[in-house]
Amino acid sequence: MPIRWRLTILYGGVLSLVLVVFSTGVDIYFQSSLQRSIDAKLRSMAEVISQSVTDVRDPSIFQNVEQLLERSLGRKPKGKLIQITDSSGRVRAQSNDMEGESFNISINAFDRAKSGEIVYETIEKPGHPRLRVITLPIMDRAKTGSPSLVQVATSLEDFDETMKRLLIILIIGVLTSVGVTIGAGYYMAKKALKPVDKIRKAAVKISSRNLEEYIDIGLRKDELGKLADTFNAMIARLRDAFQRINQFSIDVSHELKTPLTILKGSTDVALRKDRDSKEYRSLLTSHLEEIDRMSQIIDDLLLLSKADTGKMQLTMEDVAVRDLVLEVFMDMQIFAEKKNVDLVVGNLEDVTLKGDELKLRRMLWNIVDNGIKYTQTGGKVEISSTVEDGYVRINVRDTGVGIGDEDIKYIFDRFYRADRARKRESGTGLGLSISKWIAEAHKGEIEVESRASSGSMFSLKLPL
Ligand code: ADP
């Protein structure tokens, strides 16, 4: 069942219940207070009579009673049937201005009245209006020995009519309010939920090809506005992710295509004529270099995609920073010597951190390798470490080519290389992306300070 119907039924139901309870309360209250006032009137009349009648055998009592009532109530009672009976129930006197009405009270009521109780009774006769009767014993002042009873009855016709009208008004009131509320509620719910349908339709349409679209439900600051904003933000994130993946595939194909083209080109040339074994050897050696390069790219990509999907596990252990730096320093010495770059170690702090030793080594290795790669012959690369509140910094400072302002924000991007012209001499363009991931996986970061042609300083900041 659609939400708008469920909402409408719910508040229609609740409102009906409240109104029905309220109307029943009103009805009961009116009924009982009207009844009480009728009973009070009957009683005051009956009491006047009972106190003034002295001898029920006196035939003129009714004249006296009527005058008495007129005097004590200020007017002649109308629509009343008054009768006085003896103890056997025989009517001794009667004053009746209700034509054709008569009544008999129940035996039980009669007995209770005889024993001195004031008894009220409602008498129903088919084809006649209901009567309300009070039966009250008369003091036996004449000492006749048998108590007489005075009975005053009044028609409940007006009362019943009033109650009937009240009931009709309440029913019409309840039905109209419930009807209007259900109508208005349905309209409101439909209007309020319209944007949900828009969002649904937009969501159905969204695919990788139309991530440019966004959900437009106008300017709304309510929950649905927020929902649409959340959706739009999600679409934007998907769009970015798709674009990145797309760009990444283009870059990967490009990166792998270049070595393949070189392999194919040189193989074609070599096959054009017979060559001696020395030439083949040199060709195969250069092929091996290209193959190594391709497999390095593929290894790096695998590592990054594992890192992206969260499948990369870190093996945490105690790592002595000093030993780590010295090991990398020894490993890299040979490359530095080859390039005639002076690789030195500066001040090293003797601290231990929790981390994945192999990954940390790989990160430092990348940074030092870059330092050597991007420093001219005769330059210098220095590794040192410092400690500051809760962190250790491993700093790699070089006197190399530096990084221009326009490049520095991209160097951590995949396949980004600042010096496009010397592309192939540099690495795969993935080293810094991997290093950044390793630093972040250790809750650390890599900071760079560099300017074109004035060297660079990479600082690996890792929590202790
Ligand atoms: P690459 O394999 O090309 O070195 P990296 O991701 O390690 O890839 O580095 C990205 C780019 O950042 C490099 O191509 C280079 O232009 C620049 N870069 C990194 N380190 C340095 C450095 N120490 N000095 C100057 N440029 C650097």
# chains A, B, ... in the order shown; residues from 1 in each chain; ligands from 1

$ residues_near_ligand --ligand "ligand 1" --cutoff "7 Å" --atoms "only C-alpha atoms and all ligand atoms" --output "ChimeraX atom specification"
/A:366-367,370-371,374-375,398,400-403,411-412,414-419,426-433,455-456

$ residues_around --residues "Leu34 of chain A" --least-positions-apart "5" --cutoff "12 Å" --atoms "only C-alpha atoms" --output "VMD selection string"
chain A and resid 27 to 29 39 to 41 156 158 to 160 162 to 163

$ write_last_selection --atoms "N, CA, C and O atoms" --output "PDB file, in the first residue's frame"
ATOM      1  N   ASP A  27     -22.073  13.433  24.662  1.00  0.00           N
ATOM      2  CA  ASP A  27     -23.420  12.877  24.687  1.00  0.00           C
ATOM      3  C   ASP A  27     -23.787  12.400  26.098  1.00  0.00           C
ATOM      4  O   ASP A  27     -24.847  12.734  26.629  1.00  0.00           O
ATOM      5  N   ILE A  28     -22.857  11.643  26.719  1.00  0.00           N
ATOM      6  CA  ILE A  28     -23.141  11.098  28.056  1.00  0.00           C
ATOM      7  C   ILE A  28     -23.310  12.242  29.052  1.00  0.00           C
ATOM      8  O   ILE A  28     -24.220  12.252  29.876  1.00  0.00           O
ATOM      9  N   TYR A  29     -22.418  13.245  28.927  1.00  0.00           N
ATOM     10  CA  TYR A  29     -22.483  14.360  29.872  1.00  0.00           C
ATOM     11  C   TYR A  29     -23.824  15.095  29.765  1.00  0.00           C
ATOM     12  O   TYR A  29     -24.490  15.354  30.757  1.00  0.00           O
ATOM     13  N   ASP A  39     -34.912  15.229  36.985  1.00  0.00           N
ATOM     14  CA  ASP A  39     -35.189  14.546  38.252  1.00  0.00           C
ATOM     15  C   ASP A  39     -35.314  15.545  39.403  1.00  0.00           C
ATOM     16  O   ASP A  39     -36.175  15.403  40.284  1.00  0.00           O
ATOM     17  N   ALA A  40     -34.418  16.569  39.381  1.00  0.00           N
ATOM     18  CA  ALA A  40     -34.446  17.547  40.481  1.00  0.00           C
ATOM     19  C   ALA A  40     -35.777  18.290  40.496  1.00  0.00           C
ATOM     20  O   ALA A  40     -36.366  18.548  41.556  1.00  0.00           O
ATOM     21  N   LYS A  41     -36.265  18.625  39.266  1.00  0.00           N
ATOM     22  CA  LYS A  41     -37.547  19.343  39.189  1.00  0.00           C
ATOM     23  C   LYS A  41     -38.687  18.468  39.733  1.00  0.00           C
ATOM     24  O   LYS A  41     -39.517  18.907  40.527  1.00  0.00           O
ATOM     25  N   LEU A 156     -40.716  12.592  28.591  1.00  0.00           N
ATOM     26  CA  LEU A 156     -39.312  12.765  28.173  1.00  0.00           C
ATOM     27  C   LEU A 156     -39.222  13.076  26.679  1.00  0.00           C
ATOM     28  O   LEU A 156     -38.151  12.947  26.083  1.00  0.00           O
ATOM     29  N   ASP A 158     -39.341  15.918  24.945  1.00  0.00           N
ATOM     30  CA  ASP A 158     -38.395  16.995  24.601  1.00  0.00           C
ATOM     31  C   ASP A 158     -36.955  16.550  24.814  1.00  0.00           C
ATOM     32  O   ASP A 158     -36.065  16.826  24.012  1.00  0.00           O
ATOM     33  N   PHE A 159     -36.810  15.861  25.955  1.00  0.00           N
ATOM     34  CA  PHE A 159     -35.469  15.376  26.280  1.00  0.00           C
ATOM     35  C   PHE A 159     -34.943  14.450  25.177  1.00  0.00           C
ATOM     36  O   PHE A 159     -33.831  14.600  24.666  1.00  0.00           O
ATOM     37  N   ASP A 160     -35.818  13.478  24.800  1.00  0.00           N
ATOM     38  CA  ASP A 160     -35.399  12.530  23.761  1.00  0.00           C
ATOM     39  C   ASP A 160     -35.108  13.245  22.441  1.00  0.00           C
ATOM     40  O   ASP A 160     -34.136  12.932  21.740  1.00  0.00           O
ATOM     41  N   THR A 162     -34.154  16.371  22.085  1.00  0.00           N
ATOM     42  CA  THR A 162     -32.886  17.109  22.207  1.00  0.00           C
ATOM     43  C   THR A 162     -31.701  16.170  22.046  1.00  0.00           C
ATOM     44  O   THR A 162     -30.743  16.457  21.317  1.00  0.00           O
ATOM     45  N   MET A 163     -31.796  15.010  22.709  1.00  0.00           N
ATOM     46  CA  MET A 163     -30.677  14.071  22.631  1.00  0.00           C
ATOM     47  C   MET A 163     -30.503  13.556  21.203  1.00  0.00           C
ATOM     48  O   MET A 163     -29.384  13.350  20.744  1.00  0.00           O
TER      49      MET A 163
END

$ residues_around --residues "Asn340 of chain A" --least-positions-apart "6" --cutoff "9 Å" --atoms "only C-alpha atoms" --output "ChimeraX atom specification"
/A:376-379

$ select_by_dssp --residues "segment 94-297 of chain A" --states "helix (DSSP H, G or I)" --output "PyMOL selection string"
chain A and resi 107-114+157-205+223-271+277-297

$ residues_around --residues "Val392 of chain A" --least-positions-apart "5" --cutoff "6 Å" --atoms "only C-alpha atoms" --output "number ranges by chain"
A: 386-387, 461-462

$ atom_distance --atom1 "atom CA of Gly183 of chain A" --atom2 "atom CA of Ile217 of chain A"
24.5 Å

$ select_by_dssp --residues "segment 233-340 of chain A" --states "strand (DSSP E)" --output "ChimeraX atom specification"
/A:317-320

$ write_last_selection --atoms "N, CA and C atoms" --output "short mmCIF file (atom, residue, chain, number, x, y, z; two decimals), in the first residue's frame"
data_model
loop_
_atom_site.label_atom_id
_atom_site.label_comp_id
_atom_site.auth_asym_id
_atom_site.auth_seq_id
_atom_site.Cartn_x
_atom_site.Cartn_y
_atom_site.Cartn_z
N GLU A 317 54.48 -4.79 13.31
CA GLU A 317 55.51 -5.26 14.25
C GLU A 317 56.33 -4.05 14.69
N ASP A 318 57.21 -4.24 15.67
CA ASP A 318 58.06 -3.13 16.11
C ASP A 318 59.13 -2.88 15.06
N VAL A 319 59.25 -1.63 14.64
CA VAL A 319 60.24 -1.29 13.63
C VAL A 319 61.17 -0.22 14.20
N ALA A 320 62.47 -0.54 14.22
CA ALA A 320 63.44 0.45 14.70
C ALA A 320 63.74 1.38 13.54
#

$ residues_around --residues "Val152 of chain A" --least-positions-apart "3" --cutoff "12 Å" --atoms "only C-alpha atoms" --output "ChimeraX atom specification"
/A:38-50,77-85,93-98,102-105,118-122,131-137,149,155

$ residues_around --residues "Gly404 of chain A" --least-positions-apart "6" --cutoff "9 Å" --atoms "only C-alpha atoms" --output "number ranges by chain"
A: 418, 450-453

$ closest_residue --among "A:Arg112, A:Lys226, A:Arg393, A:Lys380" --to "Val196 of chain A" --atoms "only C-alpha atoms"
A:Lys226

$ decode --residues "segment 83-96 of chain A" --atoms "all heavy atoms" --output "PDB file, in the first residue's frame"
ATOM      1  N   GLN A  83     -50.202  12.206  40.652  1.00  0.00           N
ATOM      2  CA  GLN A  83     -51.260  11.408  41.271  1.00  0.00           C
ATOM      3  C   GLN A  83     -50.852  10.964  42.661  1.00  0.00           C
ATOM      4  O   GLN A  83     -49.682  10.861  42.993  1.00  0.00           O
ATOM      5  CB  GLN A  83     -51.656  10.226  40.394  1.00  0.00           C
ATOM      6  CG  GLN A  83     -50.549   9.247  40.123  1.00  0.00           C
ATOM      7  CD  GLN A  83     -50.984   8.188  39.115  1.00  0.00           C
ATOM      8  OE1 GLN A  83     -51.897   8.411  38.311  1.00  0.00           O
ATOM      9  NE2 GLN A  83     -50.359   7.034  39.163  1.00  0.00           N
ATOM     10  N   ILE A  84     -51.918  10.777  43.455  1.00  0.00           N
ATOM     11  CA  ILE A  84     -51.668  10.323  44.812  1.00  0.00           C
ATOM     12  C   ILE A  84     -52.368   8.979  44.967  1.00  0.00           C
ATOM     13  O   ILE A  84     -53.527   8.821  44.572  1.00  0.00           O
ATOM     14  CB  ILE A  84     -52.220  11.344  45.824  1.00  0.00           C
ATOM     15  CG1 ILE A  84     -51.366  12.627  45.691  1.00  0.00           C
ATOM     16  CG2 ILE A  84     -52.144  10.798  47.243  1.00  0.00           C
ATOM     17  CD1 ILE A  84     -51.875  13.776  46.497  1.00  0.00           C
ATOM     18  N   THR A  85     -51.630   7.999  45.414  1.00  0.00           N
ATOM     19  CA  THR A  85     -52.232   6.665  45.580  1.00  0.00           C
ATOM     20  C   THR A  85     -52.181   6.269  47.041  1.00  0.00           C
ATOM     21  O   THR A  85     -51.355   6.793  47.795  1.00  0.00           O
ATOM     22  CB  THR A  85     -51.470   5.596  44.774  1.00  0.00           C
ATOM     23  OG1 THR A  85     -50.193   5.439  45.390  1.00  0.00           O
ATOM     24  CG2 THR A  85     -51.297   5.982  43.331  1.00  0.00           C
ATOM     25  N   ASP A  86     -53.048   5.347  47.366  1.00  0.00           N
ATOM     26  CA  ASP A  86     -52.939   4.835  48.723  1.00  0.00           C
ATOM     27  C   ASP A  86     -51.959   3.669  48.725  1.00  0.00           C
ATOM     28  O   ASP A  86     -51.366   3.337  47.697  1.00  0.00           O
ATOM     29  CB  ASP A  86     -54.323   4.438  49.271  1.00  0.00           C
ATOM     30  CG  ASP A  86     -54.966   3.364  48.416  1.00  0.00           C
ATOM     31  OD1 ASP A  86     -54.207   2.664  47.683  1.00  0.00           O
ATOM     32  OD2 ASP A  86     -56.199   3.223  48.443  1.00  0.00           O
ATOM     33  N   SER A  87     -51.845   3.055  49.879  1.00  0.00           N
ATOM     34  CA  SER A  87     -50.777   2.052  50.001  1.00  0.00           C
ATOM     35  C   SER A  87     -51.035   0.817  49.150  1.00  0.00           C
ATOM     36  O   SER A  87     -50.131   0.048  48.880  1.00  0.00           O
ATOM     37  CB  SER A  87     -50.624   1.645  51.463  1.00  0.00           C
ATOM     38  OG  SER A  87     -51.894   1.170  51.923  1.00  0.00           O
ATOM     39  N   SER A  88     -52.293   0.656  48.669  1.00  0.00           N
ATOM     40  CA  SER A  88     -52.516  -0.506  47.805  1.00  0.00           C
ATOM     41  C   SER A  88     -52.319  -0.155  46.345  1.00  0.00           C
ATOM     42  O   SER A  88     -52.432  -1.002  45.475  1.00  0.00           O
ATOM     43  CB  SER A  88     -53.956  -1.022  48.018  1.00  0.00           C
ATOM     44  OG  SER A  88     -54.844  -0.020  47.570  1.00  0.00           O
ATOM     45  N   GLY A  89     -52.023   1.092  46.068  1.00  0.00           N
ATOM     46  CA  GLY A  89     -51.746   1.485  44.684  1.00  0.00           C
ATOM     47  C   GLY A  89     -52.954   2.084  44.011  1.00  0.00           C
ATOM     48  O   GLY A  89     -52.897   2.455  42.836  1.00  0.00           O
ATOM     49  N   ARG A  90     -54.052   2.208  44.697  1.00  0.00           N
ATOM     50  CA  ARG A  90     -55.259   2.767  44.076  1.00  0.00           C
ATOM     51  C   ARG A  90     -55.095   4.274  43.963  1.00  0.00           C
ATOM     52  O   ARG A  90     -54.663   4.937  44.906  1.00  0.00           O
ATOM     53  CB  ARG A  90     -56.495   2.422  44.936  1.00  0.00           C
ATOM     54  CG  ARG A  90     -57.821   2.538  44.199  1.00  0.00           C
ATOM     55  CD  ARG A  90     -58.810   1.517  44.784  1.00  0.00           C
ATOM     56  NE  ARG A  90     -58.999   1.741  46.200  1.00  0.00           N
ATOM     57  CZ  ARG A  90     -59.908   2.620  46.705  1.00  0.00           C
ATOM     58  NH1 ARG A  90     -60.703   3.296  45.910  1.00  0.00           N
ATOM     59  NH2 ARG A  90     -60.026   2.765  48.002  1.00  0.00           N
ATOM     60  N   VAL A  91     -55.435   4.806  42.817  1.00  0.00           N
ATOM     61  CA  VAL A  91     -55.280   6.250  42.602  1.00  0.00           C
ATOM     62  C   VAL A  91     -56.390   6.976  43.327  1.00  0.00           C
ATOM     63  O   VAL A  91     -57.571   6.737  43.088  1.00  0.00           O
ATOM     64  CB  VAL A  91     -55.313   6.586  41.098  1.00  0.00           C
ATOM     65  CG1 VAL A  91     -55.188   8.094  40.894  1.00  0.00           C
ATOM     66  CG2 VAL A  91     -54.187   5.866  40.370  1.00  0.00           C
ATOM     67  N   ARG A  92     -56.011   7.864  44.207  1.00  0.00           N
ATOM     68  CA  ARG A  92     -57.001   8.581  44.997  1.00  0.00           C
ATOM     69  C   ARG A  92     -57.252   9.957  44.421  1.00  0.00           C
ATOM     70  O   ARG A  92     -58.328  10.497  44.497  1.00  0.00           O
ATOM     71  CB  ARG A  92     -56.540   8.724  46.459  1.00  0.00           C
ATOM     72  CG  ARG A  92     -56.232   7.378  47.134  1.00  0.00           C
ATOM     73  CD  ARG A  92     -57.488   6.516  47.178  1.00  0.00           C
ATOM     74  NE  ARG A  92     -58.458   7.057  48.087  1.00  0.00           N
ATOM     75  CZ  ARG A  92     -58.614   6.693  49.356  1.00  0.00           C
ATOM     76  NH1 ARG A  92     -57.851   5.735  49.838  1.00  0.00           N
ATOM     77  NH2 ARG A  92     -59.530   7.246  50.140  1.00  0.00           N
ATOM     78  N   ALA A  93     -56.253  10.535  43.861  1.00  0.00           N
ATOM     79  CA  ALA A  93     -56.430  11.866  43.263  1.00  0.00           C
ATOM     80  C   ALA A  93     -55.449  12.015  42.118  1.00  0.00           C
ATOM     81  O   ALA A  93     -54.371  11.438  42.147  1.00  0.00           O
ATOM     82  CB  ALA A  93     -56.175  12.928  44.318  1.00  0.00           C
ATOM     83  N   GLN A  94     -55.851  12.790  41.134  1.00  0.00           N
ATOM     84  CA  GLN A  94     -54.967  12.912  39.956  1.00  0.00           C
ATOM     85  C   GLN A  94     -55.107  14.278  39.322  1.00  0.00           C
ATOM     86  O   GLN A  94     -56.209  14.831  39.268  1.00  0.00           O
ATOM     87  CB  GLN A  94     -55.338  11.832  38.931  1.00  0.00           C
ATOM     88  CG  GLN A  94     -54.270  11.668  37.872  1.00  0.00           C
ATOM     89  CD  GLN A  94     -54.652  10.610  36.839  1.00  0.00           C
ATOM     90  OE1 GLN A  94     -55.751  10.681  36.291  1.00  0.00           O
ATOM     91  NE2 GLN A  94     -53.773   9.670  36.600  1.00  0.00           N
ATOM     92  N   SER A  95     -54.035  14.828  38.899  1.00  0.00           N
ATOM     93  CA  SER A  95     -54.090  16.049  38.098  1.00  0.00           C
ATOM     94  C   SER A  95     -53.242  15.759  36.872  1.00  0.00           C
ATOM     95  O   SER A  95     -52.068  15.422  36.974  1.00  0.00           O
ATOM     96  CB  SER A  95     -53.485  17.207  38.905  1.00  0.00           C
ATOM     97  OG  SER A  95     -52.698  17.997  38.072  1.00  0.00           O
ATOM     98  N   ASN A  96     -53.958  15.849  35.726  1.00  0.00           N
ATOM     99  CA  ASN A  96     -53.239  15.401  34.524  1.00  0.00           C
ATOM    100  C   ASN A  96     -53.425  16.408  33.406  1.00  0.00           C
ATOM    101  O   ASN A  96     -54.522  16.636  32.936  1.00  0.00           O
ATOM    102  CB  ASN A  96     -53.807  14.039  34.091  1.00  0.00           C
ATOM    103  CG  ASN A  96     -53.032  13.463  32.911  1.00  0.00           C
ATOM    104  OD1 ASN A  96     -52.075  14.081  32.451  1.00  0.00           O
ATOM    105  ND2 ASN A  96     -53.461  12.294  32.449  1.00  0.00           N
TER     106      ASN A  96
END
